[in-house]
Structure formats: structure tokens, C-alpha cells
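Visitor: So that you have it, the file is data.cif, and it contains mmCIF, N, CA and C atoms:
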data_input
#
loop_
_atom_site.label_atom_id
_atom_site.label_comp_id
_atom_site.auth_asym_id
_atom_site.auth_seq_id
_atom_site.Cartn_x
_atom_site.Cartn_y
_atom_site.Cartn_z
N MET Y 77 -29.21 49.03 -73.40
CA MET Y 77 -29.27 48.30 -74.65
C MET Y 77 -27.84 48.03 -75.10
N THR Y 78 -27.58 46.78 -75.53
CA THR Y 78 -26.24 46.42 -75.97
C THR Y 78 -26.08 46.70 -77.45
N VAL Y 79 -24.83 46.75 -77.89
CA VAL Y 79 -24.54 46.98 -79.30
C VAL Y 79 -25.15 45.88 -80.14
N GLU Y 80 -25.07 44.64 -79.67
CA GLU Y 80 -25.59 43.51 -80.44
C GLU Y 80 -27.08 43.63 -80.68
N SER Y 81 -27.83 44.15 -79.68
CA SER Y 81 -29.27 44.24 -79.85
C SER Y 81 -29.66 45.41 -80.74
N ARG Y 82 -28.81 46.43 -80.88
CA ARG Y 82 -29.11 47.59 -81.72
C ARG Y 82 -28.77 47.37 -83.19
N VAL Y 83 -27.85 46.48 -83.48
CA VAL Y 83 -27.39 46.29 -84.85
C VAL Y 83 -27.88 44.92 -85.33
N SER Y 84 -28.76 44.93 -86.31
CA SER Y 84 -29.24 43.64 -86.80
C SER Y 84 -28.13 42.95 -87.58
N GLY Y 85 -28.07 41.63 -87.48
CA GLY Y 85 -27.04 40.88 -88.18
C GLY Y 85 -25.67 41.13 -87.60
N SER Y 86 -25.56 41.32 -86.32
CA SER Y 86 -24.27 41.60 -85.69
C SER Y 86 -23.36 40.38 -85.78
N LEU Y 87 -22.10 40.62 -85.53
CA LEU Y 87 -21.12 39.54 -85.59
C LEU Y 87 -21.44 38.41 -84.63
N VAL Y 88 -22.04 38.75 -83.53
CA VAL Y 88 -22.40 37.71 -82.55
C VAL Y 88 -23.39 36.75 -83.18
N ASP Y 89 -24.35 37.28 -83.95
CA ASP Y 89 -25.37 36.43 -84.58
C ASP Y 89 -24.79 35.62 -85.74
N GLU Y 90 -23.78 36.18 -86.44
CA GLU Y 90 -23.26 35.55 -87.63
C GLU Y 90 -22.01 34.71 -87.43
N ALA Y 91 -21.39 34.84 -86.29
CA ALA Y 91 -20.13 34.12 -86.06
C ALA Y 91 -20.38 32.62 -86.04
N PRO Y 92 -19.68 31.89 -86.86
CA PRO Y 92 -19.86 30.43 -86.87
C PRO Y 92 -19.24 29.82 -85.61
N ALA Y 93 -19.81 28.73 -85.19
CA ALA Y 93 -19.23 28.01 -84.05
C ALA Y 93 -17.92 27.40 -84.51
N LEU Y 94 -16.92 27.49 -83.68
CA LEU Y 94 -15.61 26.93 -84.02
C LEU Y 94 -15.60 25.43 -83.78
N ASP Y 95 -15.06 24.71 -84.75
CA ASP Y 95 -14.92 23.27 -84.59
C ASP Y 95 -13.79 22.99 -83.62
N PRO Y 96 -13.92 21.92 -82.85
CA PRO Y 96 -12.80 21.56 -81.98
C PRO Y 96 -11.58 21.21 -82.84
N VAL Y 97 -10.42 21.38 -82.28
CA VAL Y 97 -9.18 21.08 -83.00
C VAL Y 97 -9.12 19.58 -83.25
N VAL Y 98 -8.92 19.22 -84.50
CA VAL Y 98 -8.81 17.82 -84.87
C VAL Y 98 -7.34 17.51 -85.08
N LYS Y 99 -6.84 16.57 -84.33
CA LYS Y 99 -5.44 16.20 -84.45
C LYS Y 99 -5.28 15.10 -85.48
N ALA Y 100 -4.18 15.15 -86.21
CA ALA Y 100 -3.87 14.10 -87.18
C ALA Y 100 -3.55 12.82 -86.42
N PRO Y 101 -3.88 11.67 -87.00
CA PRO Y 101 -3.55 10.43 -86.32
C PRO Y 101 -2.04 10.26 -86.18
N ALA Y 102 -1.65 9.61 -85.12
CA ALA Y 102 -0.23 9.36 -84.90
C ALA Y 102 0.26 8.39 -85.97
N PRO Y 103 1.47 8.62 -86.48
CA PRO Y 103 2.01 7.70 -87.48
C PRO Y 103 2.10 6.29 -86.91
N SER Y 104 1.84 5.35 -87.75
CA SER Y 104 1.88 3.96 -87.32
C SER Y 104 2.53 3.11 -88.40
N VAL Y 105 3.38 2.21 -87.95
CA VAL Y 105 4.02 1.26 -88.85
C VAL Y 105 3.77 -0.12 -88.28
N GLN Y 106 3.08 -0.95 -89.04
CA GLN Y 106 2.81 -2.33 -88.62
C GLN Y 106 3.56 -3.27 -89.56
N VAL Y 107 4.13 -4.30 -88.98
CA VAL Y 107 4.92 -5.24 -89.78
C VAL Y 107 4.32 -6.63 -89.66
N SER Y 108 4.28 -7.33 -90.80
CA SER Y 108 3.86 -8.73 -90.80
C SER Y 108 4.78 -9.51 -91.73
N PHE Y 109 4.77 -10.81 -91.57
CA PHE Y 109 5.65 -11.69 -92.35
C PHE Y 109 4.78 -12.77 -92.99
N PRO Y 110 4.24 -12.50 -94.20
CA PRO Y 110 3.34 -13.47 -94.84
C PRO Y 110 4.05 -14.76 -95.26
N ASN Y 111 5.35 -14.69 -95.48
CA ASN Y 111 6.14 -15.89 -95.78
C ASN Y 111 7.60 -15.58 -95.45
N ALA Y 112 8.45 -16.57 -95.58
CA ALA Y 112 9.86 -16.41 -95.19
C ALA Y 112 10.62 -15.42 -96.06
N ASP Y 113 10.12 -15.18 -97.27
CA ASP Y 113 10.84 -14.30 -98.19
C ASP Y 113 10.31 -12.87 -98.24
N ALA Y 114 9.24 -12.55 -97.48
CA ALA Y 114 8.63 -11.23 -97.60
C ALA Y 114 8.32 -10.61 -96.24
N ILE Y 115 8.47 -9.32 -96.21
CA ILE Y 115 8.07 -8.49 -95.08
C ILE Y 115 7.03 -7.51 -95.61
N VAL Y 116 5.91 -7.38 -94.90
CA VAL Y 116 4.90 -6.39 -95.27
C VAL Y 116 4.92 -5.29 -94.21
N VAL Y 117 5.10 -4.06 -94.68
CA VAL Y 117 5.13 -2.90 -93.79
C VAL Y 117 3.93 -2.03 -94.16
N ALA Y 118 2.99 -1.89 -93.22
CA ALA Y 118 1.81 -1.06 -93.45
C ALA Y 118 2.01 0.28 -92.76
N VAL Y 119 1.94 1.35 -93.53
CA VAL Y 119 2.06 2.70 -93.00
C VAL Y 119 0.66 3.29 -93.01
N THR Y 120 0.21 3.78 -91.83
CA THR Y 120 -1.18 4.21 -91.72
C THR Y 120 -1.38 5.69 -91.43
N ALA Y 121 -0.37 6.49 -91.49
CA ALA Y 121 -0.55 7.93 -91.27
C ALA Y 121 0.64 8.67 -91.88
N PRO Y 122 0.51 9.97 -92.01
CA PRO Y 122 1.65 10.73 -92.55
C PRO Y 122 2.94 10.45 -91.77
N VAL Y 123 4.02 10.53 -92.47
CA VAL Y 123 5.32 10.14 -91.94
C VAL Y 123 5.90 11.23 -91.05
N ASP Y 124 6.55 10.79 -89.96
CA ASP Y 124 7.34 11.70 -89.15
C ASP Y 124 8.68 11.04 -88.87
N GLN Y 125 9.52 11.66 -88.10
CA GLN Y 125 10.87 11.15 -87.84
C GLN Y 125 10.83 9.79 -87.15
N GLU Y 126 9.85 9.57 -86.29
CA GLU Y 126 9.73 8.28 -85.60
C GLU Y 126 9.42 7.16 -86.60
N THR Y 127 8.58 7.45 -87.57
CA THR Y 127 8.25 6.46 -88.60
C THR Y 127 9.49 6.08 -89.39
N VAL Y 128 10.30 7.07 -89.74
CA VAL Y 128 11.53 6.82 -90.49
C VAL Y 128 12.45 5.91 -89.67
N ALA Y 129 12.60 6.20 -88.39
CA ALA Y 129 13.46 5.39 -87.52
C ALA Y 129 12.94 3.96 -87.42
N GLN Y 130 11.63 3.79 -87.26
CA GLN Y 130 11.04 2.45 -87.19
C GLN Y 130 11.29 1.68 -88.49
N LEU Y 131 11.07 2.33 -89.60
CA LEU Y 131 11.25 1.67 -90.88
C LEU Y 131 12.71 1.29 -91.11
N GLU Y 132 13.61 2.18 -90.75
CA GLU Y 132 15.03 1.88 -90.93
C GLU Y 132 15.43 0.66 -90.11
N THR Y 133 14.95 0.57 -88.88
CA THR Y 133 15.25 -0.57 -88.02
C THR Y 133 14.74 -1.87 -88.64
N MET Y 134 13.56 -1.80 -89.26
CA MET Y 134 12.97 -3.00 -89.84
C MET Y 134 13.64 -3.41 -91.15
N LEU Y 135 14.11 -2.45 -91.92
CA LEU Y 135 14.60 -2.75 -93.26
C LEU Y 135 16.10 -2.93 -93.38
N TRP Y 136 16.86 -2.45 -92.43
CA TRP Y 136 18.30 -2.58 -92.53
C TRP Y 136 18.67 -4.05 -92.40
N PRO Y 137 19.65 -4.52 -93.15
CA PRO Y 137 19.99 -5.95 -93.12
C PRO Y 137 20.24 -6.48 -91.70
N GLN Y 138 19.55 -7.54 -91.40
CA GLN Y 138 19.71 -8.22 -90.12
C GLN Y 138 20.37 -9.57 -90.40
N PRO Y 139 21.30 -10.00 -89.55
CA PRO Y 139 22.00 -11.27 -89.81
C PRO Y 139 21.07 -12.47 -89.97
N ALA Y 140 19.97 -12.50 -89.21
CA ALA Y 140 19.08 -13.66 -89.27
C ALA Y 140 17.99 -13.53 -90.33
N SER Y 141 17.91 -12.39 -91.00
CA SER Y 141 16.83 -12.16 -91.95
C SER Y 141 17.08 -12.88 -93.27
N THR Y 142 16.05 -13.58 -93.74
CA THR Y 142 16.12 -14.23 -95.05
C THR Y 142 15.20 -13.54 -96.06
N ALA Y 143 14.40 -12.60 -95.60
CA ALA Y 143 13.45 -11.93 -96.48
C ALA Y 143 14.17 -11.09 -97.52
N ARG Y 144 13.80 -11.28 -98.76
CA ARG Y 144 14.40 -10.54 -99.87
C ARG Y 144 13.45 -9.50 -100.45
N SER Y 145 12.20 -9.55 -100.03
CA SER Y 145 11.21 -8.64 -100.59
C SER Y 145 10.52 -7.88 -99.47
N VAL Y 146 10.30 -6.59 -99.71
CA VAL Y 146 9.55 -5.77 -98.76
C VAL Y 146 8.37 -5.18 -99.53
N VAL Y 147 7.18 -5.36 -98.95
CA VAL Y 147 5.97 -4.78 -99.52
C VAL Y 147 5.52 -3.66 -98.60
N VAL Y 148 5.46 -2.45 -99.13
CA VAL Y 148 4.97 -1.32 -98.34
C VAL Y 148 3.50 -1.14 -98.68
N ASP Y 149 2.66 -1.33 -97.68
CA ASP Y 149 1.21 -1.25 -97.85
C ASP Y 149 0.75 0.18 -97.56
N LEU Y 150 0.32 0.87 -98.60
CA LEU Y 150 -0.17 2.24 -98.46
C LEU Y 150 -1.68 2.33 -98.64
N THR Y 151 -2.38 1.22 -98.49
CA THR Y 151 -3.82 1.21 -98.75
C THR Y 151 -4.62 2.02 -97.74
N LYS Y 152 -4.04 2.34 -96.60
CA LYS Y 152 -4.74 3.18 -95.62
C LYS Y 152 -4.39 4.66 -95.78
N MET Y 153 -3.50 4.97 -96.70
CA MET Y 153 -3.10 6.36 -96.96
C MET Y 153 -4.02 6.94 -98.03
N ARG Y 154 -4.38 8.21 -97.87
CA ARG Y 154 -5.24 8.89 -98.84
C ARG Y 154 -4.50 9.97 -99.61
N PHE Y 155 -3.26 10.25 -99.24
CA PHE Y 155 -2.41 11.18 -99.97
C PHE Y 155 -0.97 10.92 -99.57
N LEU Y 156 -0.05 11.38 -100.38
CA LEU Y 156 1.37 11.30 -100.06
C LEU Y 156 1.95 12.69 -100.19
N ASP Y 157 2.70 13.11 -99.18
CA ASP Y 157 3.38 14.39 -99.28
C ASP Y 157 4.87 14.13 -99.45
N VAL Y 158 5.67 15.18 -99.47
CA VAL Y 158 7.10 15.04 -99.76
C VAL Y 158 7.80 14.10 -98.77
N PRO Y 159 7.59 14.21 -97.44
CA PRO Y 159 8.26 13.27 -96.54
C PRO Y 159 7.88 11.81 -96.81
N ASP Y 160 6.62 11.58 -97.19
CA ASP Y 160 6.19 10.22 -97.52
C ASP Y 160 6.95 9.69 -98.72
N LEU Y 161 7.08 10.51 -99.75
CA LEU Y 161 7.79 10.11 -100.96
C LEU Y 161 9.28 9.91 -100.68
N GLN Y 162 9.84 10.76 -99.83
CA GLN Y 162 11.24 10.60 -99.45
C GLN Y 162 11.44 9.29 -98.68
N LEU Y 163 10.48 8.95 -97.84
CA LEU Y 163 10.57 7.70 -97.08
C LEU Y 163 10.55 6.50 -98.02
N LEU Y 164 9.72 6.54 -99.04
CA LEU Y 164 9.68 5.44 -100.00
C LEU Y 164 11.00 5.31 -100.75
N THR Y 165 11.59 6.44 -101.11
CA THR Y 165 12.89 6.42 -101.78
C THR Y 165 13.95 5.83 -100.86
N TYR Y 166 13.93 6.25 -99.61
CA TYR Y 166 14.88 5.75 -98.62
C TYR Y 166 14.68 4.24 -98.40
N ALA Y 167 13.43 3.82 -98.30
CA ALA Y 167 13.13 2.39 -98.12
C ALA Y 167 13.64 1.60 -99.31
N HIS Y 168 13.47 2.13 -100.51
CA HIS Y 168 13.97 1.46 -101.71
C HIS Y 168 15.48 1.27 -101.62
N MET Y 169 16.20 2.31 -101.19
CA MET Y 169 17.65 2.22 -101.08
C MET Y 169 18.06 1.20 -100.02
N LEU Y 170 17.36 1.17 -98.89
CA LEU Y 170 17.68 0.20 -97.84
C LEU Y 170 17.46 -1.24 -98.31
N VAL Y 171 16.34 -1.47 -98.97
CA VAL Y 171 16.02 -2.83 -99.46
C VAL Y 171 17.00 -3.23 -100.55
N GLN Y 172 17.32 -2.31 -101.42
CA GLN Y 172 18.27 -2.60 -102.50
C GLN Y 172 19.65 -2.92 -101.92
N ALA Y 173 20.04 -2.23 -100.84
CA ALA Y 173 21.34 -2.48 -100.21
C ALA Y 173 21.44 -3.90 -99.66
N ARG Y 174 20.31 -4.47 -99.33
CA ARG Y 174 20.33 -5.84 -98.81
C ARG Y 174 20.04 -6.86 -99.91
N GLY Y 175 19.99 -6.40 -101.15
CA GLY Y 175 19.78 -7.30 -102.28
C GLY Y 175 18.35 -7.68 -102.53
N GLY Y 176 17.42 -6.89 -102.02
CA GLY Y 176 16.00 -7.22 -102.16
C GLY Y 176 15.27 -6.30 -103.12
N ALA Y 177 13.95 -6.49 -103.15
CA ALA Y 177 13.08 -5.69 -104.01
C ALA Y 177 12.00 -5.04 -103.15
N LEU Y 178 11.65 -3.82 -103.49
CA LEU Y 178 10.60 -3.09 -102.78
C LEU Y 178 9.36 -3.04 -103.67
N HIS Y 179 8.24 -3.46 -103.11
CA HIS Y 179 6.95 -3.40 -103.79
C HIS Y 179 6.07 -2.43 -103.01
N VAL Y 180 5.26 -1.66 -103.69
CA VAL Y 180 4.35 -0.72 -103.05
C VAL Y 180 2.93 -1.08 -103.45
N VAL Y 181 2.04 -1.14 -102.46
CA VAL Y 181 0.63 -1.38 -102.72
C VAL Y 181 -0.12 -0.08 -102.45
N ALA Y 182 -0.74 0.46 -103.48
CA ALA Y 182 -1.49 1.71 -103.37
C ALA Y 182 -2.77 1.58 -104.17
N ASP Y 183 -3.92 1.68 -103.50
CA ASP Y 183 -5.19 1.56 -104.21
C ASP Y 183 -5.92 2.89 -104.34
N ASP Y 184 -5.44 3.92 -103.67
CA ASP Y 184 -6.06 5.24 -103.73
C ASP Y 184 -5.51 6.01 -104.94
N LEU Y 185 -6.40 6.62 -105.71
CA LEU Y 185 -5.97 7.33 -106.93
C LEU Y 185 -5.04 8.49 -106.63
N ALA Y 186 -5.26 9.20 -105.53
CA ALA Y 186 -4.38 10.33 -105.17
C ALA Y 186 -2.98 9.83 -104.83
N VAL Y 187 -2.89 8.70 -104.17
CA VAL Y 187 -1.59 8.11 -103.83
C VAL Y 187 -0.89 7.64 -105.10
N GLN Y 188 -1.63 6.98 -105.98
CA GLN Y 188 -1.05 6.53 -107.24
C GLN Y 188 -0.57 7.72 -108.08
N GLU Y 189 -1.33 8.80 -108.09
CA GLU Y 189 -0.94 9.99 -108.85
C GLU Y 189 0.32 10.63 -108.26
N ALA Y 190 0.44 10.64 -106.93
CA ALA Y 190 1.65 11.19 -106.30
C ALA Y 190 2.88 10.36 -106.68
N LEU Y 191 2.71 9.04 -106.75
CA LEU Y 191 3.82 8.18 -107.17
C LEU Y 191 4.22 8.46 -108.61
N ARG Y 192 3.22 8.67 -109.48
CA ARG Y 192 3.51 8.98 -110.89
C ARG Y 192 4.14 10.36 -111.02
N ALA Y 193 3.59 11.35 -110.33
CA ALA Y 193 4.08 12.73 -110.44
C ALA Y 193 5.53 12.85 -109.94
N SER Y 194 5.87 12.05 -108.95
CA SER Y 194 7.23 12.10 -108.40
C SER Y 194 8.21 11.26 -109.20
N GLY Y 195 7.70 10.41 -110.08
CA GLY Y 195 8.55 9.52 -110.86
C GLY Y 195 8.90 8.22 -110.13
N LEU Y 196 8.40 8.06 -108.91
CA LEU Y 196 8.71 6.84 -108.15
C LEU Y 196 8.06 5.59 -108.74
N HIS Y 197 7.01 5.76 -109.53
CA HIS Y 197 6.38 4.59 -110.14
C HIS Y 197 7.35 3.86 -111.07
N VAL Y 198 8.36 4.57 -111.56
CA VAL Y 198 9.37 3.96 -112.42
C VAL Y 198 10.40 3.18 -111.59
N LEU Y 199 10.72 3.71 -110.44
CA LEU Y 199 11.74 3.13 -109.56
C LEU Y 199 11.19 1.96 -108.74
N LEU Y 200 9.96 2.08 -108.30
CA LEU Y 200 9.34 1.08 -107.42
C LEU Y 200 8.40 0.18 -108.20
N GLU Y 201 8.23 -1.02 -107.70
CA GLU Y 201 7.24 -1.92 -108.29
C GLU Y 201 5.91 -1.63 -107.61
N CYS Y 202 5.00 -0.97 -108.33
CA CYS Y 202 3.72 -0.55 -107.76
C CYS Y 202 2.61 -1.52 -108.13
N HIS Y 203 1.74 -1.79 -107.15
CA HIS Y 203 0.62 -2.71 -107.32
C HIS Y 203 -0.63 -2.09 -106.69
N THR Y 204 -1.80 -2.60 -107.07
CA THR Y 204 -3.04 -2.08 -106.49
C THR Y 204 -3.60 -2.99 -105.40
N THR Y 205 -3.10 -4.22 -105.31
CA THR Y 205 -3.57 -5.12 -104.25
C THR Y 205 -2.38 -5.84 -103.61
N MET Y 206 -2.60 -6.28 -102.38
CA MET Y 206 -1.55 -7.00 -101.66
C MET Y 206 -1.28 -8.34 -102.34
N SER Y 207 -2.31 -9.04 -102.77
CA SER Y 207 -2.09 -10.35 -103.40
C SER Y 207 -1.28 -10.20 -104.68
N GLU Y 208 -1.51 -9.13 -105.44
CA GLU Y 208 -0.73 -8.87 -106.66
C GLU Y 208 0.74 -8.64 -106.31
N ALA Y 209 1.00 -7.88 -105.26
CA ALA Y 209 2.38 -7.61 -104.85
C ALA Y 209 3.08 -8.88 -104.37
N LEU Y 210 2.38 -9.71 -103.62
CA LEU Y 210 2.99 -10.94 -103.12
C LEU Y 210 3.21 -11.95 -104.25
N ARG Y 211 2.30 -11.98 -105.23
CA ARG Y 211 2.50 -12.86 -106.40
C ARG Y 211 3.71 -12.40 -107.20
N ALA Y 212 3.86 -11.08 -107.38
CA ALA Y 212 5.00 -10.56 -108.12
C ALA Y 212 6.30 -10.88 -107.39
N ASP Y 213 6.24 -10.88 -106.09
CA ASP Y 213 7.41 -11.20 -105.27
C ASP Y 213 7.81 -12.65 -105.44
N ALA Y 214 6.84 -13.53 -105.63
CA ALA Y 214 7.13 -14.97 -105.74
C ALA Y 214 7.80 -15.31 -107.07
N ARG Y 215 7.67 -14.45 -108.07
CA ARG Y 215 8.28 -14.72 -109.38
C ARG Y 215 9.75 -14.65 -109.36
#
Translate the structure of the given file into C-alpha cells.

Guide:
Amino acid sequence: MTVESRVSGSLVDEAPALDPVVKAPAPSVQVSFPNADAIVVAVTAPVDQETVAQLETMLWPQPASTARSVVVDLTKMRFLDVPDLQLLTYAHMLVQARGGALHVVADDLAVQEALRASGLHVLLECHTTMSEALRADAR
């Protein structure tokens, strides 16, 4: 007779099945150019060093670039942590160095709250839709 069969409610009977390890999605940065004056950068996962490098390459002044506005699309993000907020601050500085404006599109309440809690809502032009951000850019 085994220990498990002698003891009712043994650990073997009560142990929950372990879920497989779920990996976080790889960071992704997608760029589009809705018009000659704007660049839209969509960030779709938490930020890592590769994301920062990609963003820096896209935002640093390029001789042929005429875009004065950068819209960071955070509509696929469900939260912002410290590296994400630091990246937005860094992006703001890069865009400002080239004489442009940074707009942020955030429709998730947790993302909007993170922007308010960090004080970035004062520094950045925040919008809830892409069309609102692009209209503000046209002004």
C-alpha cells in the first residue's frame, strides 16, 4: 500500500496541474507614414533594449526627413511600466531635438493612468484616437 492510498486528500490528489510557461510577446515597433509631416510608431509589447535602439534609429534626425511630428501608438498596450515611461520621455527628447512634436495615442485606462501618475501627460500631447492625434498634428 502506498502513502497516497493510505492518506485521504494527499498532496497527489490536491496538487494543481501546472500551466505551461507563457512567454511575453516579443517587443515590436512598427512604423508608418500617414503623410509627409508625420511618422506613426506603434509599440505592441513591453519595451526592451532592442525596442529603444529601433526607436532611436527611427526618431533621430535624418537628413532626408521632413516629418515634424511623431505619433506613438500605444493602443495595443494594456499597461506601462518604468522602462516604457522612460522610452516615451526619451522619444520626446529625440523628437524635440529635431524640432518636432510627440503625440501619444492611448485608449486603455491603465495606460492613461500611468501617463497621469508619471506626469508625462503634461509633457506629451496625449490623445485617445489616432485620428485625433493626426488632426492635432495638422494644426

Visitor: Please evaluate the PyMOL selection byres (((chain Y and resi 154-157 and name CA) around 9) and name CA) against the structure above and give the resulting residues as a VMD selection string.

Guide: chain Y and resid 121 to 123 150 to 153 158 to 162 184 to 188 190 to 191

Visitor: Can you give me, as a list in words, the residues this file yields under the PyMOL selection byres ((chain Y and resi 192-207) around 5)?

Guide: Leu178, His179, Val180, Val181, Ala182, Asp183, Gln188, Glu189, Ala190, Leu191, Glu208, Ala209, Leu210 and Arg211 of chain Y

Visitor: Report as number ranges by chain the residues that result from applying the PyMOL selection byres (((chain Y and resi 175 and name CA) around 10) and name CA) to the structure here.

Guide: Y: 137, 143-145, 169-174, 176-177

Visitor: Please, what distance in Å, to one decimal, runs between atom N of Glu126 in chain Y and CA of Phe109 in chain Y?

Guide: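 Distance between the two atoms: 22.5 Å.
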
Visitor: Go ahead and compute the interatomic distance for CA of Val119 in chain Y and atom C of His168 in chain Y, in Å to one decimal.

Guide: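 Spanning CA of Val119 in chain Y to atom C of His168 in chain Y is a straight-line distance of 16.0 Å.
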
Visitor: As an exercise, work out the distance from CA of Gln125 in chain Y to atom C of Asp113 in chain Y in Å and give it to one decimal place.

Guide: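 Distance between the two atoms: 26.2 Å.
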
Visitor: When DSSP works through the backbone of this structure, what residues of range 164-204 of chain Y end up as strand (DSSP E), shown as number ranges by chain?

Guide: Y: 177-181, 201-203

Visitor: Rank Y:Tyr166, Y:Val147, Y:Ala212, Y:Thr133 by their smallest atom-to-atom distance to Val116 in chain Y, using all atoms listed in the file, and report the top residue only.

Guide: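 Using all atoms listed in the file, the shortest distance to Val116 in chain Y belongs to Y:Val147.
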